[in-house]
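What follows is the content of final.tsv (TSV, C-alpha atoms).
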chain	number	residue	atom	x	y	z
I	608	MET	CA	0.00	0.00	0.00
I	609	LYS	CA	1.13	3.53	-0.76
I	610	ILE	CA	-0.18	5.99	1.78
I	611	LEU	CA	-0.19	9.79	1.89
I	612	ILE	CA	0.41	11.12	5.41
I	613	VAL	CA	-0.50	14.79	5.85
I	614	ALA	CA	0.67	16.97	8.74
I	615	ALA	CA	2.29	20.36	9.14
I	616	LYS	CA	3.44	23.26	11.26
I	617	THR	CA	3.45	22.01	14.88
I	618	GLY	CA	4.90	19.05	16.73
I	619	GLY	CA	1.42	18.17	17.94
I	620	HIS	CA	0.48	17.29	14.36
I	621	VAL	CA	3.86	16.31	12.93
I	622	PHE	CA	5.24	13.93	15.59
I	623	PRO	CA	2.17	11.63	15.62
I	624	ALA	CA	2.28	11.63	11.81
I	625	ALA	CA	5.95	10.66	11.83
I	626	ALA	CA	5.39	7.91	14.42
I	627	THR	CA	2.55	6.51	12.33
I	628	GLY	CA	4.59	6.74	9.14
I	629	GLU	CA	7.40	4.81	10.77
I	630	GLN	CA	4.97	2.05	11.77
I	631	PHE	CA	3.63	1.80	8.22
I	632	PHE	CA	7.15	1.70	6.82
I	633	LYS	CA	8.10	-1.14	9.17
I	634	ASN	CA	5.15	-3.06	7.78
I	635	LYS	CA	6.47	-2.72	4.21
I	636	HIS	CA	4.21	0.10	3.05
I	637	GLU	CA	5.42	3.08	1.02
I	638	ILE	CA	5.08	6.50	2.66
I	639	ILE	CA	4.52	9.89	1.03
I	640	PHE	CA	4.53	12.85	3.42
I	641	LEU	CA	2.82	16.14	2.67
I	642	GLY	CA	3.44	19.33	4.66
I	643	ILE	CA	4.26	23.01	4.27
I	644	GLY	CA	8.03	22.67	4.33
I	645	ASN	CA	9.04	23.91	7.78
I	646	ASP	CA	11.98	22.59	9.80
I	647	ILE	CA	9.95	20.58	12.29
I	648	GLU	CA	8.49	18.54	9.43
I	649	ARG	CA	11.82	17.97	7.72
I	650	ASN	CA	13.52	16.91	10.96
I	651	ALA	CA	10.70	14.51	11.84
I	652	PHE	CA	10.21	12.99	8.40
I	653	GLU	CA	13.78	12.73	7.14
I	654	LYS	CA	14.53	9.72	9.35
I	655	ILE	CA	11.93	7.66	7.50
I	656	ASN	CA	12.64	6.29	4.03
I	657	SER	CA	9.95	8.25	2.22
I	658	LYS	CA	9.19	11.02	-0.25
I	659	TYR	CA	8.21	14.44	1.00
I	660	TYR	CA	6.10	17.04	-0.80
I	661	GLN	CA	5.15	20.50	0.36
I	662	ILE	CA	2.45	23.01	-0.50
I	663	SER	CA	2.05	26.62	0.54
I	664	ILE	CA	-1.10	27.21	2.55
I	665	ASP	CA	-2.60	29.81	4.89
I	666	GLY	CA	-4.74	29.35	7.97
I	667	PHE	CA	-8.39	30.39	7.94
I	668	ARG	CA	-9.61	30.95	11.48
I	669	GLY	CA	-8.97	34.35	13.02
I	670	GLN	CA	-8.22	36.03	9.68
I	671	ASN	CA	-10.00	39.03	8.15
I	672	ILE	CA	-12.37	38.55	5.22
I	673	PHE	CA	-9.74	39.26	2.56
I	674	LYS	CA	-7.28	36.77	4.01
I	675	LYS	CA	-10.05	34.20	4.32
I	676	ILE	CA	-10.92	34.60	0.63
I	677	HIS	CA	-7.23	34.30	-0.27
I	678	ALA	CA	-6.89	31.19	1.91
I	679	LEU	CA	-9.91	29.57	0.26
I	680	PHE	CA	-8.56	30.33	-3.22
I	681	LYS	CA	-5.19	28.86	-2.30
I	682	ALA	CA	-6.89	25.78	-0.86
I	683	LEU	CA	-8.71	25.23	-4.16
I	684	THR	CA	-5.52	25.49	-6.20
I	685	ASN	CA	-3.81	23.13	-3.76
I	686	ILE	CA	-6.49	20.49	-4.36
I	687	PHE	CA	-5.24	20.20	-7.94
I	688	LYS	CA	-1.61	20.12	-6.77
I	689	VAL	CA	-2.41	17.20	-4.47
I	690	ILE	CA	-4.33	15.43	-7.25
I	691	ASN	CA	-1.12	15.59	-9.32
I	692	ILE	CA	0.78	14.02	-6.40
I	693	ILE	CA	-1.87	11.28	-6.07
I	694	ASN	CA	-1.62	10.50	-9.79
I	695	LYS	CA	2.17	10.65	-9.89
I	696	GLU	CA	2.73	8.50	-6.79
I	697	LYS	CA	-0.29	6.21	-7.28
I	698	ILE	CA	-1.55	6.87	-3.76
I	699	ASP	CA	-3.90	4.24	-2.28
I	700	ALA	CA	-5.12	6.09	0.84
I	701	MET	CA	-4.52	9.14	3.04
I	702	ILE	CA	-4.21	9.84	6.75
I	703	GLY	CA	-4.52	13.46	7.92
I	704	PHE	CA	-3.38	14.61	11.35
I	705	GLY	CA	-5.27	17.91	11.56
I	706	GLY	CA	-4.43	21.44	10.53
I	707	PHE	CA	-5.50	23.39	7.46
I	708	VAL	CA	-3.05	21.55	5.19
I	709	THR	CA	-5.21	18.42	5.43
I	710	ILE	CA	-8.26	20.07	3.82
I	711	PRO	CA	-7.04	20.28	0.18
I	712	ALA	CA	-5.38	16.89	0.56
I	713	GLY	CA	-8.58	15.36	1.88
I	714	PHE	CA	-10.77	16.76	-0.87
I	715	ALA	CA	-8.22	15.76	-3.51
I	716	CYS	CA	-8.37	12.17	-2.25
I	717	TRP	CA	-12.17	12.32	-2.12
I	718	LEU	CA	-12.29	13.47	-5.75
I	719	LYS	CA	-9.95	10.62	-6.68
I	720	ARG	CA	-12.05	8.14	-4.66
I	721	LYS	CA	-9.19	7.29	-2.33
I	722	PRO	CA	-10.12	6.33	1.25
I	723	ILE	CA	-9.48	9.09	3.80
I	724	PHE	CA	-8.59	8.55	7.45
I	725	ILE	CA	-8.10	11.29	10.03
I	726	HIS	CA	-6.58	11.49	13.48
I	727	GLU	CA	-7.61	14.02	16.12
I	728	GLN	CA	-5.08	14.52	18.93
I	729	ASN	CA	-7.19	16.67	21.26
I	730	ALA	CA	-10.33	16.20	23.34
I	731	VAL	CA	-12.06	18.64	20.96
I	732	MET	CA	-12.35	18.06	17.21
I	733	GLY	CA	-10.37	20.68	15.27
I	734	THR	CA	-11.78	22.73	12.39
I	735	ALA	CA	-10.06	20.76	9.61
I	736	ASN	CA	-11.10	17.43	11.06
I	737	LYS	CA	-14.69	18.65	11.49
I	738	LEU	CA	-14.77	19.18	7.74
I	739	LEU	CA	-13.03	15.94	6.84
I	740	GLU	CA	-14.87	13.64	9.26
I	741	LYS	CA	-17.87	13.83	6.92
I	742	ILE	CA	-15.90	12.07	4.17
I	743	ALA	CA	-13.44	10.07	6.29
I	744	LYS	CA	-13.76	6.31	6.53
I	745	ILE	CA	-12.41	6.19	10.11
I	746	CYS	CA	-11.73	8.98	12.61
I	747	PHE	CA	-9.00	7.98	15.05
I	748	LEU	CA	-9.16	9.74	18.42
I	749	GLY	CA	-6.20	10.52	20.67
I	750	PHE	CA	-8.49	11.30	23.61
I	751	PRO	CA	-12.20	10.55	24.02
I	752	ILE	CA	-14.46	13.28	22.62
I	753	SER	CA	-17.79	13.65	24.41
I	754	ASN	CA	-20.03	13.75	21.33
I	755	LYS	CA	-18.14	11.11	19.34
I	756	PRO	CA	-19.23	7.60	20.38
I	757	VAL	CA	-16.48	5.02	19.97
I	758	ASP	CA	-17.62	2.62	17.22
I	759	SER	CA	-16.46	1.51	13.79
I	760	ASP	CA	-16.34	5.13	12.59
I	761	TYR	CA	-14.65	6.64	15.67
I	762	ILE	CA	-11.83	4.55	17.11
I	763	LEU	CA	-10.00	5.50	20.30
I	764	SER	CA	-6.47	4.79	19.13
I	765	GLY	CA	-4.57	7.12	21.46
I	766	ASN	CA	-1.91	9.55	20.26
I	767	PRO	CA	1.03	7.99	18.38
I	768	ILE	CA	4.19	8.94	20.23
I	769	ARG	CA	7.83	8.91	19.24
I	770	GLU	CA	9.84	5.69	19.29
I	771	SER	CA	12.24	7.14	21.87
I	772	PHE	CA	9.37	6.94	24.39
I	773	LEU	CA	8.89	3.21	23.84
I	774	LYS	CA	12.12	1.92	25.38
I	775	TYR	CA	11.19	2.11	29.06
I	776	PRO	CA	9.54	-1.23	29.94
I	777	ASN	CA	8.68	-0.37	33.55
I	778	ASN	CA	9.18	3.40	33.62
I	779	LYS	CA	10.56	3.26	37.15
I	780	ASN	CA	12.13	6.27	38.80
I	781	ASN	CA	14.98	6.18	41.30
I	782	ILE	CA	12.99	7.88	44.05
I	783	THR	CA	15.05	9.83	46.56
I	784	LYS	CA	13.82	10.94	49.97
I	785	GLU	CA	15.97	14.05	49.98
I	786	LYS	CA	14.51	15.81	46.96
I	787	VAL	CA	11.42	15.79	44.78
I	788	LYS	CA	12.37	15.97	41.11
I	789	ILE	CA	10.24	18.19	38.88
I	790	TYR	CA	10.52	18.64	35.12
I	791	ILE	CA	9.02	21.92	33.91
I	792	THR	CA	8.27	22.59	30.26
I	793	GLY	CA	6.29	25.06	28.22
I	794	GLY	CA	7.09	23.22	25.00
I	795	SER	CA	9.88	23.82	22.50
I	796	GLN	CA	8.94	27.50	22.18
I	797	GLY	CA	8.58	28.02	25.91
I	798	SER	CA	5.65	29.51	27.82
I	799	GLU	CA	5.78	33.06	29.12
I	800	PHE	CA	3.46	32.28	32.04
I	801	ILE	CA	5.43	29.22	33.09
I	802	ASN	CA	8.80	30.91	32.61
I	803	THR	CA	7.94	34.03	34.59
I	804	ASN	CA	5.84	32.53	37.39
I	805	ILE	CA	6.96	28.99	38.19
I	806	PRO	CA	10.44	30.04	39.45
I	807	LYS	CA	8.75	32.22	42.08
I	808	ILE	CA	6.91	29.48	43.93
I	809	PHE	CA	9.57	27.00	44.99
I	810	ASN	CA	11.28	28.95	47.75
I	811	THR	CA	8.09	28.71	49.83
I	812	LEU	CA	7.98	24.89	49.75
I	813	LYS	CA	9.09	23.05	52.88
I	814	ILE	CA	10.86	20.27	50.98
I	815	ASN	CA	13.90	20.34	48.76
I	816	VAL	CA	13.24	20.11	45.05
I	817	ASP	CA	15.44	19.25	42.11
I	818	ILE	CA	14.32	21.17	39.03
I	819	LYS	CA	14.90	20.86	35.31
I	820	HIS	CA	13.25	23.64	33.32
I	821	GLN	CA	12.89	23.78	29.54
I	822	CYS	CA	12.39	27.48	28.85
I	823	GLY	CA	12.33	27.76	25.05
I	824	ARG	CA	14.46	29.72	22.64
I	825	ASN	CA	15.95	33.04	23.79
I	826	ASN	CA	14.50	32.77	27.30
I	827	ILE	CA	17.36	31.20	29.22
I	828	ASP	CA	18.89	34.39	30.66
I	829	GLU	CA	15.57	35.70	31.96
I	830	VAL	CA	14.54	32.39	33.53
I	831	SER	CA	17.99	31.79	35.05
I	832	ASN	CA	17.92	35.23	36.67
I	833	LEU	CA	14.49	34.55	38.17
I	834	TYR	CA	15.70	31.33	39.81
I	835	LYS	CA	18.77	33.14	41.12
I	836	GLN	CA	16.63	35.91	42.58
I	837	GLU	CA	14.53	33.33	44.39
I	838	LYS	CA	17.69	31.45	45.48
I	839	VAL	CA	16.42	28.24	43.93
I	840	GLU	CA	18.82	25.90	42.16
I	841	ALA	CA	17.65	24.62	38.79
I	842	GLU	CA	18.99	23.24	35.54
I	843	ILE	CA	17.67	25.47	32.76
I	844	LEU	CA	17.95	24.72	29.06
I	845	GLU	CA	16.30	26.25	26.04
I	846	PHE	CA	15.46	22.83	24.68
I	847	TYR	CA	15.91	19.21	25.75
I	848	LYS	CA	16.53	17.06	22.70
I	849	ASN	CA	15.22	13.95	24.47
I	850	PRO	CA	12.33	15.04	26.72
I	851	ASN	CA	11.57	11.38	27.45
I	852	GLU	CA	14.73	11.25	29.54
I	853	GLN	CA	13.67	14.26	31.59
I	854	ILE	CA	10.18	12.85	32.15
I	855	ILE	CA	11.58	9.51	33.35
I	856	TRP	CA	14.04	11.37	35.60
I	857	SER	CA	11.24	13.35	37.23
I	858	ASP	CA	8.76	12.52	39.97
I	859	PHE	CA	6.15	14.60	38.15
I	860	VAL	CA	5.91	17.24	35.41
I	861	ILE	CA	4.60	20.80	35.17
I	862	SER	CA	3.43	21.54	31.63
I	863	ARG	CA	0.95	23.18	29.32
I	864	ALA	CA	-1.88	20.87	28.21
I	865	GLY	CA	-1.07	20.04	24.60
I	866	ALA	CA	-2.40	16.60	23.70
I	867	LEU	CA	0.88	15.08	22.58
I	868	SER	CA	2.86	16.31	25.58
I	869	LEU	CA	0.25	14.93	27.97
I	870	SER	CA	0.15	11.60	26.12
I	871	GLU	CA	3.93	11.29	26.33
I	872	ILE	CA	4.00	12.15	30.03
I	873	ILE	CA	1.29	9.76	31.18
I	874	SER	CA	2.61	6.98	28.92
I	875	LEU	CA	5.81	7.10	30.97
I	876	ASN	CA	3.73	6.83	34.16
I	877	ARG	CA	4.29	10.36	35.32
I	878	GLY	CA	1.57	12.65	36.56
I	879	VAL	CA	1.35	16.26	35.50
I	880	VAL	CA	0.34	19.67	36.78
I	881	MET	CA	-1.38	21.13	33.72
I	882	ILE	CA	-1.54	24.86	33.03
I	883	PRO	CA	-3.68	25.13	29.87
I	884	LEU	CA	-2.96	27.88	27.38
I	885	PRO	CA	-6.00	30.16	27.84
I	886	THR	CA	-5.98	31.21	24.18
I	887	SER	CA	-5.95	27.69	22.72
I	888	VAL	CA	-8.44	27.22	19.86
I	889	ASP	CA	-11.84	25.98	21.09
I	890	ASN	CA	-10.31	25.88	24.58
I	891	HIS	CA	-8.96	22.45	23.67
I	892	GLN	CA	-6.16	22.50	26.24
I	893	VAL	CA	-8.69	22.84	29.07
I	894	GLU	CA	-10.63	19.89	27.64
I	895	ASN	CA	-7.42	17.87	27.37
I	896	ALA	CA	-6.63	18.65	31.00
I	897	LYS	CA	-10.13	17.64	32.12
I	898	TYR	CA	-9.63	14.25	30.50
I	899	ILE	CA	-6.29	13.71	32.24
I	900	GLU	CA	-7.91	14.70	35.55
I	901	SER	CA	-10.68	12.16	34.94
I	902	GLU	CA	-7.96	9.52	34.55
I	903	ASN	CA	-6.47	10.65	37.90
I	904	MET	CA	-3.12	11.34	36.25
I	905	GLY	CA	-2.84	15.06	36.93
I	906	ILE	CA	-4.37	18.27	38.20
I	907	MET	CA	-5.32	21.35	36.22
I	908	HIS	CA	-4.46	24.92	37.20
I	909	GLN	CA	-5.93	27.72	35.12
I	910	GLU	CA	-3.91	30.94	34.99
I	911	LYS	CA	-6.88	33.02	36.16
I	912	HIS	CA	-6.87	31.24	39.52
I	913	GLY	CA	-3.57	32.82	40.59
I	914	LEU	CA	-0.23	31.63	41.95
I	915	ASP	CA	-1.43	30.87	45.48
I	916	ALA	CA	-3.76	28.19	44.15
I	917	LEU	CA	-0.95	26.78	41.99
I	918	LEU	CA	1.43	26.68	44.94
I	919	ASN	CA	-1.18	24.97	47.09
I	920	GLY	CA	-1.80	22.31	44.45
I	921	ILE	CA	1.90	21.55	44.02
I	922	ASN	CA	2.38	21.50	47.79
I	923	GLN	CA	-0.42	18.95	48.18
I	924	ILE	CA	1.13	16.72	45.52
I	925	ILE	CA	4.46	16.74	47.32
I	926	VAL	CA	3.29	16.53	50.95
I	927	ASN	CA	0.76	13.77	50.26
I	928	LYS	CA	3.10	12.02	47.81
I	929	ILE	CA	0.38	11.95	45.16
I	930	TYR	CA	3.11	11.65	42.52
I	931	LEU	CA	3.81	8.11	43.79
I	932	ASP	CA	0.20	7.12	43.08
I	933	TRP	CA	0.52	8.53	39.58
I	934	GLN	CA	3.62	6.42	38.92
I	935	LYS	CA	1.78	3.22	39.89
I	936	LYS	CA	-1.39	3.90	37.94
I	937	SER	CA	-2.37	2.00	34.81
I	938	ILE	CA	-3.90	4.26	32.17
I	939	LYS	CA	-6.87	3.19	30.03
I	940	CYS	CA	-5.69	4.60	26.70
I	941	ASN	CA	-2.37	3.07	25.66
I	942	HIS	CA	-0.69	5.70	23.50
I	943	LEU	CA	2.33	3.43	23.12
I	944	ASN	CA	0.27	1.20	20.80
I	945	ALA	CA	-1.54	3.99	18.95
I	946	SER	CA	0.39	3.77	15.68
I	947	LYS	CA	-0.12	-0.02	15.57
I	948	ILE	CA	-3.86	0.40	16.12
I	949	ILE	CA	-4.05	2.91	13.28
I	950	LEU	CA	-2.01	0.63	11.00
I	951	GLU	CA	-4.19	-2.40	11.67
I	952	HIS	CA	-7.46	-0.62	10.98
I	953	VAL	CA	-6.21	1.12	7.84
I	954	GLU	CA	-4.74	-2.13	6.47
I	955	SER	CA	-7.97	-3.98	7.19
I	956	PHE	CA	-10.16	-1.34	5.52
I	957	VAL	CA	-7.98	-0.98	2.43
I	958	ASP	CA	-7.60	-4.75	2.02
I	959	GLU	CA	-11.39	-5.16	2.10
I	960	THR	CA	-11.89	-2.54	-0.60
I	961	ILE	CA	-9.25	-3.85	-3.03
Please lay out the structure from this file as structure tokens.
Amino acid sequence: MKILIVAAKTGGHVFPAAATGEQFFKNKHEIIFLGIGNDIERNAFEKINSKYYQISIDGFRGQNIFKKIHALFKALTNIFKVINIINKEKIDAMIGFGGFVTIPAGFACWLKRKPIFIHEQNAVMGTANKLLEKIAKICFLGFPISNKPVDSDYILSGNPIRESFLKYPNNKNNITKEKVKIYITGGSQGSEFINTNIPKIFNTLKINVDIKHQCGRNNIDEVSNLYKQEKVEAEILEFYKNPNEQIIWSDFVISRAGALSLSEIISLNRGVVMIPLPTSVDNHQVENAKYIESENMGIMHQEKHGLDALLNGINQIIVNKIYLDWQKKSIKCNHLNASKIILEHVESFVDETI
């Protein structure tokens, strides 16, 4: 089978696409990737023996009327570009991982009568996937979505995560009584709220902590100075190349509430203090956090509730050793097997239609 995998722009879309592509490649299928040509795509896809195409595309939501018209026109022209790719590469099926880039690809495959599959990472269906679910054969879900019953059309696959996260068979941590180890991350770009506020809370805790803080590009001086002002020791880096190692090192994690990050954290049996981005589209980070709370693998703190509430929550986790319960818990949705689940269902569907 020759499959077109479509993802672009952010790690939340691209990394699950790459993990799925790798699984298909291992099972002797040919992979064609389609994106918009940014570095995160190239770095993720280049490790897999595949072809890579790119199209230029603009987002739609939040734009003025003129930019929306331009985006729609570009989407229409891109449909024909993708049709050329389908014809040239003899594509058998497509999987889209969300984002506006999947819309022209999806409609191109629909016009060519190629089966379409989509994957939604978040607990809320994104705009592109809302459009494509009407023509998709199967919608794979990273998290449960309240109005999407799990059946033959909606399959709870989990979020495909990177192979580097699969090598920890028991995910045990060398727990020390002297210090509680906390990994803090606002993602590869950093989070202004996390960077400017989290360093201020640790000097009031009554237990020693060992901190690793990923602050994002160009933020290291500011964050380092804040820790120094508070007289709190911490290892601060702009970016950790292997975040899996930092998660395993930690007792628990403080993070935003992006779907992929949360899936990676809980898959390594770590709990998480989630601080959702308040401006996330459709408030999806809050919905992601609610799901993790329902699984008893973390607590949510919304920025509007203030630092005292955040400090109290972290203090309760440490004093009551809630992080130990998180490390022992078995999660319902096994993200470690997500790419295999997607592979099996796509293979089965395509085989039945040939």
Using all atoms listed in the file, the residue out of I:Phe772, I:Tyr790, I:Phe714, I:Phe640 with shortest distance to Gln853 (chain I) is I:Tyr790
Shell around Asn754 (chain I) at 10 Å using all atoms listed in the file, local window under 3 positions removed, as a list in words: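 Contacts, with the query itself left out: Val731, Met732, Pro751 and Val757 of chain I.
Pairwise distance (CA of Asn685 (chain I), CA of Ile745 (chain I)) equals 23.5 Å.
Distance-wise, CA of Ala730 (chain I) and CA of Val621 (chain I) end up 17.6 Å apart.
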Give me the residues within 10 Å of Asn656 (chain I) as an mmCIF file with C-alpha atoms, in the frame of the given file, counting all atoms listed in the file and dropping any in the same chain fewer than 2 places off.
data_model
loop_
_atom_site.group_PDB
_atom_site.id
_atom_site.type_symbol
_atom_site.label_atom_id
_atom_site.label_comp_id
_atom_site.auth_asym_id
_atom_site.auth_seq_id
_atom_site.Cartn_x
_atom_site.Cartn_y
_atom_site.Cartn_z
ATOM 1 C CA GLY I 628 4.590 6.740 9.140
ATOM 2 C CA GLU I 629 7.400 4.810 10.770
ATOM 3 C CA PHE I 632 7.150 1.700 6.820
ATOM 4 C CA GLU I 637 5.420 3.080 1.020
ATOM 5 C CA ILE I 638 5.080 6.500 2.660
ATOM 6 C CA ILE I 639 4.520 9.890 1.030
ATOM 7 C CA PHE I 652 10.210 12.990 8.400
ATOM 8 C CA GLU I 653 13.780 12.730 7.140
ATOM 9 C CA LYS I 654 14.530 9.720 9.350
ATOM 10 C CA LYS I 658 9.190 11.020 -0.250
ATOM 11 C CA TYR I 659 8.210 14.440 1.000
#
For CA of Gln728 (chain I) and CA of Ile702 (chain I), the interatomic separation in Å (one decimal):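 Answer for the CA of Gln728 (chain I) to CA of Ile702 (chain I) separation: 13.1 Å.
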Within 10 Å of region 941-944 of chain I, counting all atoms listed in the file, which residues qualify if same-chain residues fewer than 5 places away don't, as a count of residues only? 19
Contacts of Phe800 (chain I) at 10 Å or less, counting all atoms listed in the file, minus same-chain residues fewer than 3 places along, as number ranges by chain? I: 793, 797, 803-805, 863, 882, 884, 910
Save the residues we just selected, C-alpha atoms, as a PDB file, in the coordinates of the input?
ATOM      1  CA  GLY I 793       6.290  25.060  28.220  1.00  0.00           C
ATOM      2  CA  GLY I 797       8.580  28.020  25.910  1.00  0.00           C
ATOM      3  CA  THR I 803       7.940  34.030  34.590  1.00  0.00           C
ATOM      4  CA  ASN I 804       5.840  32.530  37.390  1.00  0.00           C
ATOM      5  CA  ILE I 805       6.960  28.990  38.190  1.00  0.00           C
ATOM      6  CA  ARG I 863       0.950  23.180  29.320  1.00  0.00           C
ATOM      7  CA  ILE I 882      -1.540  24.860  33.030  1.00  0.00           C
ATOM      8  CA  LEU I 884      -2.960  27.880  27.380  1.00  0.00           C
ATOM      9  CA  GLU I 910      -3.910  30.940  34.990  1.00  0.00           C
TER      10      GLU I 910
END
Using only C-alpha atoms, which residues sit within 9 Å of Asn645 (chain I) once same-chain residues fewer than 5 positions away are excluded, as an MDAnalysis selection string? chainID I and resid 615:616 650
Repaired coordinates for region 818-830 of chain I (N, CA, C and O atoms) as a PDB file, keeping the file's coordinate frame:
ATOM      1  N   ILE I 818      15.117  20.629  40.128  1.00  0.00           N
ATOM      2  CA  ILE I 818      14.320  21.170  39.030  1.00  0.00           C
ATOM      3  C   ILE I 818      15.110  21.126  37.725  1.00  0.00           C
ATOM      4  O   ILE I 818      16.285  21.499  37.672  1.00  0.00           O
ATOM      5  N   LYS I 819      14.428  20.687  36.674  1.00  0.00           N
ATOM      6  CA  LYS I 819      14.900  20.860  35.310  1.00  0.00           C
ATOM      7  C   LYS I 819      13.823  21.636  34.559  1.00  0.00           C
ATOM      8  O   LYS I 819      12.655  21.232  34.567  1.00  0.00           O
ATOM      9  N   HIS I 820      14.224  22.726  33.918  1.00  0.00           N
ATOM     10  CA  HIS I 820      13.250  23.640  33.320  1.00  0.00           C
ATOM     11  C   HIS I 820      13.614  23.890  31.868  1.00  0.00           C
ATOM     12  O   HIS I 820      14.680  24.433  31.571  1.00  0.00           O
ATOM     13  N   GLN I 821      12.726  23.460  30.963  1.00  0.00           N
ATOM     14  CA  GLN I 821      12.890  23.780  29.540  1.00  0.00           C
ATOM     15  C   GLN I 821      12.174  25.101  29.282  1.00  0.00           C
ATOM     16  O   GLN I 821      10.961  25.196  29.395  1.00  0.00           O
ATOM     17  N   CYS I 822      12.954  26.124  28.897  1.00  0.00           N
ATOM     18  CA  CYS I 822      12.390  27.480  28.850  1.00  0.00           C
ATOM     19  C   CYS I 822      12.086  27.983  27.445  1.00  0.00           C
ATOM     20  O   CYS I 822      11.431  29.019  27.290  1.00  0.00           O
ATOM     21  N   GLY I 823      12.574  27.287  26.407  1.00  0.00           N
ATOM     22  CA  GLY I 823      12.330  27.760  25.050  1.00  0.00           C
ATOM     23  C   GLY I 823      13.396  28.732  24.578  1.00  0.00           C
ATOM     24  O   GLY I 823      14.173  29.290  25.354  1.00  0.00           O
ATOM     25  N   ARG I 824      13.413  28.943  23.284  1.00  0.00           N
ATOM     26  CA  ARG I 824      14.460  29.720  22.640  1.00  0.00           C
ATOM     27  C   ARG I 824      14.480  31.175  23.134  1.00  0.00           C
ATOM     28  O   ARG I 824      13.450  31.813  23.296  1.00  0.00           O
ATOM     29  N   ASN I 825      15.690  31.643  23.406  1.00  0.00           N
ATOM     30  CA  ASN I 825      15.950  33.040  23.790  1.00  0.00           C
ATOM     31  C   ASN I 825      15.394  33.439  25.147  1.00  0.00           C
ATOM     32  O   ASN I 825      15.284  34.632  25.456  1.00  0.00           O
ATOM     33  N   ASN I 826      15.059  32.456  25.980  1.00  0.00           N
ATOM     34  CA  ASN I 826      14.500  32.770  27.300  1.00  0.00           C
ATOM     35  C   ASN I 826      15.417  32.392  28.454  1.00  0.00           C
ATOM     36  O   ASN I 826      15.080  32.639  29.619  1.00  0.00           O
ATOM     37  N   ILE I 827      16.568  31.809  28.154  1.00  0.00           N
ATOM     38  CA  ILE I 827      17.360  31.200  29.220  1.00  0.00           C
ATOM     39  C   ILE I 827      17.902  32.226  30.209  1.00  0.00           C
ATOM     40  O   ILE I 827      17.922  31.984  31.421  1.00  0.00           O
ATOM     41  N   ASP I 828      18.334  33.390  29.749  1.00  0.00           N
ATOM     42  CA  ASP I 828      18.890  34.390  30.660  1.00  0.00           C
ATOM     43  C   ASP I 828      17.828  34.889  31.641  1.00  0.00           C
ATOM     44  O   ASP I 828      18.076  34.997  32.852  1.00  0.00           O
ATOM     45  N   GLU I 829      16.656  35.190  31.118  1.00  0.00           N
ATOM     46  CA  GLU I 829      15.570  35.700  31.960  1.00  0.00           C
ATOM     47  C   GLU I 829      15.162  34.669  33.016  1.00  0.00           C
ATOM     48  O   GLU I 829      15.011  34.996  34.199  1.00  0.00           O
ATOM     49  N   VAL I 830      14.985  33.430  32.599  1.00  0.00           N
ATOM     50  CA  VAL I 830      14.540  32.390  33.530  1.00  0.00           C
ATOM     51  C   VAL I 830      15.635  32.080  34.556  1.00  0.00           C
ATOM     52  O   VAL I 830      15.357  31.918  35.754  1.00  0.00           O
TER      53      VAL I 830
END
